[in-house]
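Asks: Mind looking over this structure? Questions follow.
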Amino acid sequence: MPYTAGDTLDGLRVDLGDIPLGGVDDAGVAWSLQTLEGWDSAEHRSETQQREGDHGAWLGPAYLGERPITLAGTITAPDRGVLDDATERIRAAAALAPTLLVVQESRPKQAVVQRSGKPLLQYLTDRLASYSVMVTAGDPRRYSTDLQQGTTALPSTSGGLTLPYAVPYTISATTVAGQVDALNEGSIDTRPALTITGPVSQPRVYGQMPDGSVRVVKCAFDLLDGDVLVIDTDMHTAILNGNTSRRRFVSAPQGWPTIPARGTVSYQFRSSVYSATALLTVQWRSAWM
């Protein structure tokens, strides 16, 4: 049967790079998706120690491992030439470099994957072929495709005046709280990026956790006008102006202020010296196991 570009086929839709598995691409190729294995759960790793002279075992910390994913189905093309091109494109989409995989659930989620097995392709007719590719997400979290963001300046109060009339009259002040509230709607912690724009002297970011505890990220250096420092709380990196590591000048004594599952963290921007143009930007995605 003929297919129309942009159509969605029956079943789940998964985008592997620019390949619309479960849909029809601009060349009129229908990518049927029959297998999506591994998206339901990541690998698991933990350690146990048998209890001496007693029943059971002591359970150690548990962690998610990598997430291997297998995608399989059929490719239907208008002719043999288009089919040949489609097979080359699916090989390239299962890339050796990091590639975005998006699963179009009722709430779309994504992971960054790369090839971890040999792509299997077989011609069935001159217009039909089967495919099976295996990719792996090193970070097992399934992230929301919606990137959330909040920006704040340093805390300040401006304006405000009480006039000495017989009936007191007050002009309200404008207050900037210097705070971003970040909600993770998912089922596992997520790790935001903190971007600080100068000028600002030895900035600090306090993360007030849902249990009331506070974790602080300290920068032991000044940012000049136009400087941009990006702190990745997952990779534990601090990159100044896109190319210079400042990690040894950044510390998180109480641990990195990541956002726990179904929790909100209030990120508070502080400096001992006020700067009207300094900014903190917090970016995060909700994450699921």
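By order of appearance in the structure tokens: chains A, B, ..., then residues from 1 within every chain, and ligands from 1 in the order shown.
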DSSP on the backbone: what in region 7-141 of chain A comes out strand (DSSP E), as a PyMOL selection string?

Replies: chain A and resi 14-16+19-21+23-24+30-37+44-50+57-64+67-76+99-103+109-115+120-123+128-137

Asks: Find the residues of region 174-262 of chain A that sit at most 12 Å from region 148-156 of chain A; for each, write down the nearest two atoms and how far apart they are in Å, to one decimal. Count only C-alpha atoms. Sort by chain, then by number going up, and give it as CSV.

Replies:
```
residue,atom,partner,partner_atom,distance
A:Thr174,CA,A:Ser156,CA,8.2
A:Thr175,CA,A:Ser156,CA,5.8
A:Val176,CA,A:Pro155,CA,5.0
A:Ala177,CA,A:Pro155,CA,4.8
A:Gly178,CA,A:Pro155,CA,4.3
A:Gln179,CA,A:Thr152,CA,6.1
A:Val180,CA,A:Gly150,CA,5.7
A:Asp181,CA,A:Gly150,CA,7.6
A:Ala182,CA,A:Gly150,CA,7.8
A:Leu183,CA,A:Gln148,CA,9.1
A:Asn184,CA,A:Gln148,CA,9.7
A:Glu185,CA,A:Gln148,CA,11.4
A:Thr190,CA,A:Gln148,CA,11.8
A:Pro192,CA,A:Gln149,CA,9.5
A:Ala193,CA,A:Gln149,CA,9.6
A:Leu194,CA,A:Thr151,CA,9.9
A:Thr195,CA,A:Thr151,CA,9.2
A:Ile196,CA,A:Thr151,CA,9.7
A:Thr197,CA,A:Ala153,CA,9.6
A:Gly198,CA,A:Ala153,CA,10.6
A:Pro199,CA,A:Leu154,CA,11.3
A:Val200,CA,A:Leu154,CA,9.3
A:Ser201,CA,A:Leu154,CA,11.3
A:Pro203,CA,A:Leu154,CA,9.6
A:Arg204,CA,A:Leu154,CA,10.3
A:Val205,CA,A:Leu154,CA,10.4
```

Asks: Separation of CA of Asn241 (chain A) and CA of Leu224 (chain A), in Å?

Replies: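 Computed distance, CA of Asn241 (chain A) to CA of Leu224 (chain A), equals 10.8 Å.
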
Asks: Skipping near chain neighbours, those fewer than 6 positions away, what residues fall within 12 Å of Val230 (chain A) using only C-alpha atoms, listed as JSON, numbers by chain?

Replies: {"A": [192, 193, 194, 195, 196, 197, 198, 219, 223, 236, 237, 238, 239, 240, 241, 242, 243, 244, 245, 246, 247, 250, 279, 280, 281, 282, 283]}

Asks: Could you pull out the alpha helix (DSSP H) residues of region 39-197 of chain A, going by DSSP on the backbone, and write them as a ChimeraX atom specification?

Replies: /A:80-93

Asks: Dump all heavy atoms for the selected residues as a compact mmCIF listing (two decimals), in the first residue's frame?

Replies:
```
# COMPACT_ATOMS: atom_id res chain seq x y z
N ARG A 80 13.46 -0.30 -5.12
CA ARG A 80 14.70 -0.88 -4.61
C ARG A 80 15.74 0.19 -4.29
O ARG A 80 16.46 0.10 -3.29
CB ARG A 80 15.27 -1.86 -5.64
CG ARG A 80 16.59 -2.51 -5.25
CD ARG A 80 16.49 -3.30 -3.94
NE ARG A 80 17.75 -3.84 -3.52
CZ ARG A 80 18.20 -5.06 -3.84
NH1 ARG A 80 17.46 -5.86 -4.61
NH2 ARG A 80 19.35 -5.50 -3.41
N GLY A 81 15.82 1.23 -5.09
CA GLY A 81 16.80 2.28 -4.83
C GLY A 81 16.53 2.99 -3.51
O GLY A 81 17.46 3.25 -2.74
N VAL A 82 15.28 3.30 -3.25
CA VAL A 82 14.92 3.97 -1.99
C VAL A 82 15.14 3.02 -0.82
O VAL A 82 15.58 3.44 0.26
CB VAL A 82 13.46 4.46 -2.05
CG1 VAL A 82 13.05 5.07 -0.71
CG2 VAL A 82 13.28 5.49 -3.16
N LEU A 83 14.88 1.73 -1.03
CA LEU A 83 15.11 0.75 0.03
C LEU A 83 16.60 0.65 0.36
O LEU A 83 16.98 0.58 1.55
CB LEU A 83 14.58 -0.62 -0.40
CG LEU A 83 14.71 -1.74 0.63
CD1 LEU A 83 13.93 -1.41 1.90
CD2 LEU A 83 14.23 -3.07 0.03
N ASP A 84 17.46 0.63 -0.67
CA ASP A 84 18.90 0.59 -0.43
C ASP A 84 19.34 1.80 0.40
O ASP A 84 20.14 1.68 1.34
CB ASP A 84 19.67 0.59 -1.75
CG ASP A 84 19.54 -0.74 -2.48
OD1 ASP A 84 19.12 -1.72 -1.85
OD2 ASP A 84 19.87 -0.78 -3.69
N ASP A 85 18.83 2.97 0.05
CA ASP A 85 19.18 4.19 0.79
C ASP A 85 18.69 4.10 2.23
O ASP A 85 19.39 4.52 3.16
CB ASP A 85 18.58 5.41 0.10
CG ASP A 85 18.87 6.69 0.84
OD1 ASP A 85 20.04 7.11 0.88
OD2 ASP A 85 17.92 7.28 1.41
N ALA A 86 17.49 3.54 2.44
CA ALA A 86 16.94 3.43 3.79
C ALA A 86 17.79 2.52 4.67
O ALA A 86 18.02 2.81 5.85
CB ALA A 86 15.51 2.91 3.72
N THR A 87 18.29 1.41 4.10
CA THR A 87 19.13 0.52 4.90
C THR A 87 20.44 1.20 5.31
O THR A 87 20.95 0.98 6.41
CB THR A 87 19.43 -0.79 4.14
OG1 THR A 87 20.12 -0.50 2.92
CG2 THR A 87 18.14 -1.55 3.84
N GLU A 88 20.98 2.03 4.42
CA GLU A 88 22.19 2.77 4.77
C GLU A 88 21.90 3.78 5.88
O GLU A 88 22.73 4.00 6.78
CB GLU A 88 22.77 3.48 3.55
CG GLU A 88 23.30 2.54 2.47
CD GLU A 88 24.43 1.66 2.97
OE1 GLU A 88 25.11 2.04 3.95
OE2 GLU A 88 24.63 0.57 2.39
N ARG A 89 20.72 4.38 5.84
CA ARG A 89 20.39 5.40 6.84
C ARG A 89 20.16 4.79 8.22
O ARG A 89 20.51 5.40 9.23
CB ARG A 89 19.17 6.20 6.39
CG ARG A 89 19.47 7.15 5.24
CD ARG A 89 18.36 8.14 5.00
NE ARG A 89 17.20 7.52 4.39
CZ ARG A 89 15.97 7.61 4.86
NH1 ARG A 89 15.72 8.26 5.99
NH2 ARG A 89 14.96 7.03 4.22
N ILE A 90 19.58 3.58 8.29
CA ILE A 90 19.38 2.97 9.61
C ILE A 90 20.72 2.52 10.19
O ILE A 90 20.95 2.59 11.39
CB ILE A 90 18.38 1.79 9.54
CG1 ILE A 90 18.01 1.30 10.95
CG2 ILE A 90 18.90 0.64 8.71
CD1 ILE A 90 17.20 2.23 11.77
N ARG A 91 21.65 2.08 9.31
CA ARG A 91 23.00 1.76 9.80
C ARG A 91 23.66 3.01 10.40
O ARG A 91 24.32 2.94 11.44
CB ARG A 91 23.87 1.22 8.66
CG ARG A 91 23.51 -0.17 8.18
CD ARG A 91 24.54 -0.67 7.17
NE ARG A 91 24.18 -1.97 6.64
CZ ARG A 91 23.56 -2.18 5.48
NH1 ARG A 91 23.21 -1.13 4.72
NH2 ARG A 91 23.28 -3.40 5.06
N ALA A 92 23.52 4.13 9.70
CA ALA A 92 24.14 5.37 10.17
C ALA A 92 23.46 5.90 11.43
O ALA A 92 24.12 6.49 12.30
CB ALA A 92 24.10 6.42 9.07
N ALA A 93 22.14 5.69 11.55
CA ALA A 93 21.41 6.19 12.71
C ALA A 93 21.84 5.47 13.99
O ALA A 93 21.91 6.07 15.07
CB ALA A 93 19.91 6.04 12.50
```

Asks: Report the distance between CA of Asp227 (chain A) and CA of Trp284 (chain A) in Å, rounded to one decimal place.

Replies: 21.5 Å

Asks: Near Lys109 (chain A), within 9 Å and counting only C-alpha atoms, which residues show up once chain neighbours fewer than 3 positions away are dropped, as a list in words?

Replies: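 In the requested format, the answer is Leu101, Val102, Val103, Gln104, Glu105, Arg142, Tyr143, Ser144, Thr145, Asp146, Ala287 and Trp288 of chain A.
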
Asks: Give me the residues near region 69-77 of chain A as a PyMOL selection string, where near means some atom within 7 Å (using only C-alpha atoms) and where sequence neighbours in that chain fewer than 2 positions away do not count.

Replies: chain A and resi 28-39+67+79+82-83+127-136

Asks: For a quick check of understanding, using only C-alpha atoms, which of A:Gln208, A:Gln49, A:Thr264, A:Gln110 has the smallest distance to Pro140 (chain A)?

Replies: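 Distance minimum relative to Pro140 (chain A) lands on A:Gln110.
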
Asks: Using only C-alpha atoms, which of the listed residues (A:Val216, A:Asp7, A:Gln268, A:His44) sits closest to Pro61 (chain A)?

Replies: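 Distance minimum relative to Pro61 (chain A) lands on A:His44.
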
Asks: How far is it from CA of Arg262 (chain A) to CA of Ser286 (chain A), in Å with one decimal?

Replies: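 CA of Ser286 (chain A) lies 8.8 Å from CA of Arg262 (chain A).
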
Asks: Would you mind telling me which residue in A:Asp40, A:Asp15, A:Leu147, A:Ala57 lies nearest to Leu100 (chain A) when using only C-alpha atoms?

Replies: A:Asp15

Asks: Between A:Arg115, A:Pro210, A:Thr99, A:Arg285, which residue has the minimum interatomic distance to Leu16 (chain A), considering only C-alpha atoms?

Replies: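 Under the stated criterion, the closest residue is A:Thr99.
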